[in-house]
Amino acid sequence: MSTPNISQKSIIEAFQYRHATKEFDGTKKLSENDINFILQTANLSPSSFGFEPWHFIVVQDKELRELLKPVTWGASLKLDTASHFILGLSMKAPMTKWDSDYIMSMMKDVKQFPEDVIEVYSKFYREFQERDFNLDSDKKLFDWASKQTYIALGNMMTAAALNGIDSCPIEGFHEEKVNKLLSEKI
Ligand SMILES: Cc1cc2nc3c(=O)[nH]c(=O)nc-3n(C[C@H](O)[C@H](O)[C@H](O)COP(=O)(O)O)c2cc1C
């Protein structure tokens, strides 16, 4: 892997360019390549032990965007005009708990660790969760997954800015109502 050679000046310019875009130019559409580039930067983002406790969903369906509007006060203008609308979902407990099926499958199927490595890795992960970080409640586990998801979200916005693409982070929504809607529609 070669060392990147982007000047500090260019990076700062991208940070200056990035702003929370309140309303987009609805005539402008990202290409397939653009959106894949942005999603790839989430995919390449760091996560604790590399377990990626997130999902990213691109909402292009007009009907779902309409349904989201009444429960996302911070996004109403964006839902009408944004070329792409990415939902960042953090995994809930118990998915991220050291002995969950998801974690086991990440080690076995995705990382393809041999059995002995799984044993050692699991032990470290368990100690980290139980002893070091005291992740002893569903809420703590979810907040921890959310923190990691925000790293990927931040990276996507920075990458977009580096490529001259506007973005806006959105937390202006009713969590319970959005969760209900998404569980019915997705
Ligand atoms: C976690 C988070 C949630 C935000 N939620 C919203 C939102 O719901 N709607 C919105 O228009 N902007 C939202 N913003 C954008 C902020 O208002 C904006 O980043 C801040 O005012 C600084 O402006 P700038 O990003 O243009 O520098 C959010 C930003 C963050 C980091």
# chains A, B, ... in the order shown; residues from 1 in each chain; ligands from 1

$ residues_near_ligand --ligand "ligand 1" --cutoff "8 Å" --atoms "only C-alpha atoms and all ligand atoms" --output "list in words"
Arg18, His19, Ala20, Thr21, Lys22, Thr72, Trp73, Gly74, Ala75, Cys168, Pro169, Ile170, Glu171, Gly172 and Phe173 of chain A

$ write_last_selection --atoms "N, CA, C and O atoms" --output "short mmCIF file (atom, residue, chain, number, x, y, z; two decimals), in the first residue's frame"
data_model
loop_
_atom_site.label_atom_id
_atom_site.label_comp_id
_atom_site.auth_asym_id
_atom_site.auth_seq_id
_atom_site.Cartn_x
_atom_site.Cartn_y
_atom_site.Cartn_z
N ARG A 18 -16.39 21.58 3.74
CA ARG A 18 -17.51 20.84 4.34
C ARG A 18 -18.34 21.75 5.24
O ARG A 18 -17.84 22.49 6.04
N HIS A 19 -19.61 21.69 5.05
CA HIS A 19 -20.52 22.45 5.91
C HIS A 19 -21.82 21.66 5.96
O HIS A 19 -22.10 20.85 5.07
N ALA A 20 -22.59 21.90 7.01
CA ALA A 20 -23.86 21.17 7.14
C ALA A 20 -24.83 21.77 6.12
O ALA A 20 -25.43 22.82 6.36
N THR A 21 -24.96 21.12 5.00
CA THR A 21 -25.77 21.64 3.89
C THR A 21 -27.25 21.56 4.26
O THR A 21 -27.75 20.47 4.57
N LYS A 22 -27.90 22.70 4.28
CA LYS A 22 -29.28 22.73 4.77
C LYS A 22 -30.28 22.29 3.70
O LYS A 22 -31.31 21.73 4.00
N THR A 72 -38.57 13.21 11.27
CA THR A 72 -37.18 13.69 11.20
C THR A 72 -37.16 15.19 10.95
O THR A 72 -36.88 15.62 9.83
N TRP A 73 -37.45 15.95 11.99
CA TRP A 73 -37.54 17.41 11.80
C TRP A 73 -36.25 18.01 11.26
O TRP A 73 -36.27 19.02 10.58
N GLY A 74 -35.13 17.40 11.55
CA GLY A 74 -33.84 17.97 11.09
C GLY A 74 -33.52 17.64 9.65
O GLY A 74 -32.50 18.07 9.13
N ALA A 75 -34.40 16.84 9.02
CA ALA A 75 -34.04 16.35 7.68
C ALA A 75 -35.05 16.70 6.61
O ALA A 75 -34.86 16.33 5.46
N CYS A 168 -24.70 16.52 5.05
CA CYS A 168 -25.20 17.08 6.32
C CYS A 168 -25.46 15.93 7.30
O CYS A 168 -26.17 14.98 6.96
N PRO A 169 -24.86 16.01 8.49
CA PRO A 169 -25.19 15.00 9.51
C PRO A 169 -26.56 15.33 10.08
O PRO A 169 -26.89 16.52 10.22
N ILE A 170 -27.35 14.35 10.42
CA ILE A 170 -28.70 14.62 10.92
C ILE A 170 -29.01 13.78 12.15
O ILE A 170 -29.01 12.54 12.08
N GLU A 171 -29.25 14.49 13.23
CA GLU A 171 -29.71 13.80 14.44
C GLU A 171 -31.08 14.32 14.84
O GLU A 171 -31.60 13.93 15.89
N GLY A 172 -31.62 15.20 14.02
CA GLY A 172 -32.92 15.78 14.33
C GLY A 172 -34.04 14.82 13.95
O GLY A 172 -34.69 14.99 12.92
N PHE A 173 -34.21 13.79 14.75
CA PHE A 173 -35.29 12.83 14.49
C PHE A 173 -35.77 12.23 15.81
O PHE A 173 -35.08 12.28 16.82
#

$ residues_around --residues "segment 39-46 of chain A" --least-positions-apart "2" --cutoff "6 Å" --atoms "only C-alpha atoms" --output "number ranges by chain"
A: 36-37, 152, 156

$ closest_atom_pairs --of "segment 23-51 of chain A" --to "segment 83-87 of chain A" --cutoff "9 Å" --atoms "only C-alpha atoms" --output "Markdown table"
| residue | atom | partner | partner_atom | distance |
| --- | --- | --- | --- | --- |
| A:Phe24 | CA | A:Ser83 | CA | 7.9 |
| A:Asp25 | CA | A:Ser83 | CA | 8.3 |
| A:Gly26 | CA | A:Ser83 | CA | 6.7 |
| A:Thr27 | CA | A:Ser83 | CA | 8.3 |
| A:Lys28 | CA | A:Ser83 | CA | 6.7 |
| A:Lys29 | CA | A:Ser83 | CA | 5.0 |
| A:Leu30 | CA | A:Ser83 | CA | 6.1 |
| A:Ile35 | CA | A:His84 | CA | 7.8 |

$ write_last_selection --atoms "N, CA, C and O atoms" --output "short mmCIF file (atom, residue, chain, number, x, y, z; two decimals), in the first residue's frame"
data_model
loop_
_atom_site.label_atom_id
_atom_site.label_comp_id
_atom_site.auth_asym_id
_atom_site.auth_seq_id
_atom_site.Cartn_x
_atom_site.Cartn_y
_atom_site.Cartn_z
N PHE A 24 -30.18 20.84 -0.55
CA PHE A 24 -29.30 20.47 -1.66
C PHE A 24 -29.88 20.94 -2.99
O PHE A 24 -31.05 21.31 -3.08
N ASP A 25 -29.05 20.91 -4.01
CA ASP A 25 -29.53 21.19 -5.36
C ASP A 25 -30.11 19.88 -5.90
O ASP A 25 -29.38 18.95 -6.24
N GLY A 26 -31.44 19.83 -5.91
CA GLY A 26 -32.13 18.59 -6.27
C GLY A 26 -31.88 18.13 -7.69
O GLY A 26 -32.19 16.98 -8.04
N THR A 27 -31.27 18.99 -8.51
CA THR A 27 -31.01 18.57 -9.91
C THR A 27 -29.69 17.80 -10.00
O THR A 27 -29.40 17.19 -11.02
N LYS A 28 -28.89 17.88 -8.94
CA LYS A 28 -27.59 17.20 -8.98
C LYS A 28 -27.68 15.81 -8.38
O LYS A 28 -28.19 15.64 -7.28
N LYS A 29 -27.18 14.84 -9.11
CA LYS A 29 -27.22 13.45 -8.63
C LYS A 29 -25.81 12.88 -8.57
O LYS A 29 -25.02 13.06 -9.50
N LEU A 30 -25.54 12.18 -7.48
CA LEU A 30 -24.25 11.48 -7.39
C LEU A 30 -24.27 10.28 -8.33
O LEU A 30 -25.32 9.65 -8.51
N ILE A 35 -21.26 7.35 -4.92
CA ILE A 35 -21.88 6.82 -3.70
C ILE A 35 -21.11 5.60 -3.20
O ILE A 35 -20.91 5.43 -2.00
#

$ residues_around --residues "Ser146 of chain A" --least-positions-apart "2" --cutoff "12 Å" --atoms "only C-alpha atoms" --output "ChimeraX atom specification"
/A:47-48,52-55,88-93,96,139-144,148-153

$ atom_distance --atom1 "atom CA of Ala161 of chain A" --atom2 "atom CA of Phe56 of chain A"
18.8 Å

$ decode --residues "segment 172-184 of chain A" --atoms "all heavy atoms" --output "CSV table (one decimal), in the first residue's frame"
chain,number,residue,atom,x,y,z
A,172,GLY,N,-31.6,15.2,14.0
A,172,GLY,CA,-32.9,15.8,14.3
A,172,GLY,C,-34.0,14.8,13.9
A,172,GLY,O,-34.7,15.0,12.9
A,173,PHE,N,-34.2,13.8,14.8
A,173,PHE,CA,-35.3,12.8,14.5
A,173,PHE,C,-35.8,12.2,15.8
A,173,PHE,O,-35.1,12.3,16.8
A,173,PHE,CB,-34.8,11.7,13.5
A,173,PHE,CG,-33.7,10.9,14.0
A,173,PHE,CD1,-33.9,9.8,14.8
A,173,PHE,CD2,-32.4,11.2,13.7
A,173,PHE,CE1,-32.9,9.0,15.2
A,173,PHE,CE2,-31.3,10.5,14.2
A,173,PHE,CZ,-31.5,9.3,14.9
A,174,HIS,N,-37.0,11.7,15.8
A,174,HIS,CA,-37.6,11.0,16.9
A,174,HIS,C,-37.1,9.5,16.9
A,174,HIS,O,-37.7,8.8,16.1
A,174,HIS,CB,-39.1,11.2,16.9
A,174,HIS,CG,-39.7,10.8,18.2
A,174,HIS,ND1,-39.8,9.5,18.6
A,174,HIS,CD2,-40.4,11.5,19.1
A,174,HIS,CE1,-40.4,9.4,19.8
A,174,HIS,NE2,-40.8,10.7,20.1
A,175,GLU,N,-36.2,9.2,17.8
A,175,GLU,CA,-35.6,7.9,17.7
A,175,GLU,C,-36.6,6.7,17.7
A,175,GLU,O,-36.6,5.8,16.8
A,175,GLU,CB,-34.6,7.7,18.9
A,175,GLU,CG,-33.8,6.4,18.7
A,175,GLU,CD,-32.8,6.3,19.9
A,175,GLU,OE1,-32.8,7.1,20.8
A,175,GLU,OE2,-32.1,5.3,19.9
A,176,GLU,N,-37.5,6.8,18.6
A,176,GLU,CA,-38.5,5.7,18.7
A,176,GLU,C,-39.4,5.6,17.5
A,176,GLU,O,-39.6,4.5,16.9
A,176,GLU,CB,-39.4,5.9,20.0
A,176,GLU,CG,-40.1,4.7,20.5
A,176,GLU,CD,-41.0,5.1,21.6
A,176,GLU,OE1,-40.6,6.0,22.5
A,176,GLU,OE2,-42.2,4.7,21.6
A,177,LYS,N,-39.8,6.7,17.0
A,177,LYS,CA,-40.7,6.7,15.8
A,177,LYS,C,-40.0,6.3,14.6
A,177,LYS,O,-40.5,5.5,13.7
A,177,LYS,CB,-41.4,8.1,15.6
A,177,LYS,CG,-42.4,8.4,16.7
A,177,LYS,CD,-43.0,9.8,16.4
A,177,LYS,CE,-44.0,10.1,17.6
A,177,LYS,NZ,-44.4,11.5,17.6
A,178,VAL,N,-38.7,6.7,14.4
A,178,VAL,CA,-37.9,6.3,13.3
A,178,VAL,C,-37.6,4.8,13.3
A,178,VAL,O,-37.8,4.1,12.3
A,178,VAL,CB,-36.6,7.1,13.2
A,178,VAL,CG1,-35.7,6.5,12.1
A,178,VAL,CG2,-36.9,8.6,12.8
A,179,ASN,N,-37.3,4.3,14.5
A,179,ASN,CA,-37.0,2.9,14.7
A,179,ASN,C,-38.2,2.1,14.3
A,179,ASN,O,-38.1,1.0,13.6
A,179,ASN,CB,-36.6,2.6,16.1
A,179,ASN,CG,-35.2,2.9,16.4
A,179,ASN,OD1,-34.4,3.2,15.5
A,179,ASN,ND2,-34.8,3.0,17.7
A,180,LYS,N,-39.4,2.5,14.7
A,180,LYS,CA,-40.7,1.8,14.4
A,180,LYS,C,-40.9,1.8,12.9
A,180,LYS,O,-41.2,0.7,12.3
A,180,LYS,CB,-41.8,2.5,15.2
A,180,LYS,CG,-43.1,1.7,15.0
A,180,LYS,CD,-44.2,2.4,16.0
A,180,LYS,CE,-45.5,1.7,15.8
A,180,LYS,NZ,-46.2,2.0,14.6
A,181,LEU,N,-40.7,2.9,12.3
A,181,LEU,CA,-41.0,3.0,10.9
A,181,LEU,C,-40.0,2.1,10.1
A,181,LEU,O,-40.4,1.4,9.2
A,181,LEU,CB,-40.8,4.5,10.4
A,181,LEU,CG,-40.9,4.8,8.9
A,181,LEU,CD1,-42.3,4.5,8.4
A,181,LEU,CD2,-40.5,6.2,8.6
A,182,LEU,N,-38.7,2.2,10.5
A,182,LEU,CA,-37.7,1.4,9.8
A,182,LEU,C,-38.0,-0.1,10.0
A,182,LEU,O,-37.8,-0.9,9.0
A,182,LEU,CB,-36.3,1.7,10.2
A,182,LEU,CG,-35.9,3.2,9.9
A,182,LEU,CD1,-34.5,3.4,10.3
A,182,LEU,CD2,-36.0,3.4,8.4
A,183,SER,N,-38.4,-0.5,11.2
A,183,SER,CA,-38.6,-1.9,11.4
A,183,SER,C,-39.8,-2.4,10.6
A,183,SER,O,-39.9,-3.6,10.2
A,183,SER,CB,-38.8,-2.2,12.9
A,183,SER,OG,-39.9,-1.6,13.4
A,184,GLU,N,-40.8,-1.5,10.3
A,184,GLU,CA,-41.9,-1.9,9.5
A,184,GLU,C,-41.6,-1.9,8.0
A,184,GLU,O,-42.1,-2.7,7.2
A,184,GLU,CB,-43.1,-0.9,9.7
A,184,GLU,CG,-43.8,-1.1,11.0
A,184,GLU,CD,-44.7,0.1,11.4
A,184,GLU,OE1,-44.8,1.0,10.5
A,184,GLU,OE2,-45.2,0.1,12.5
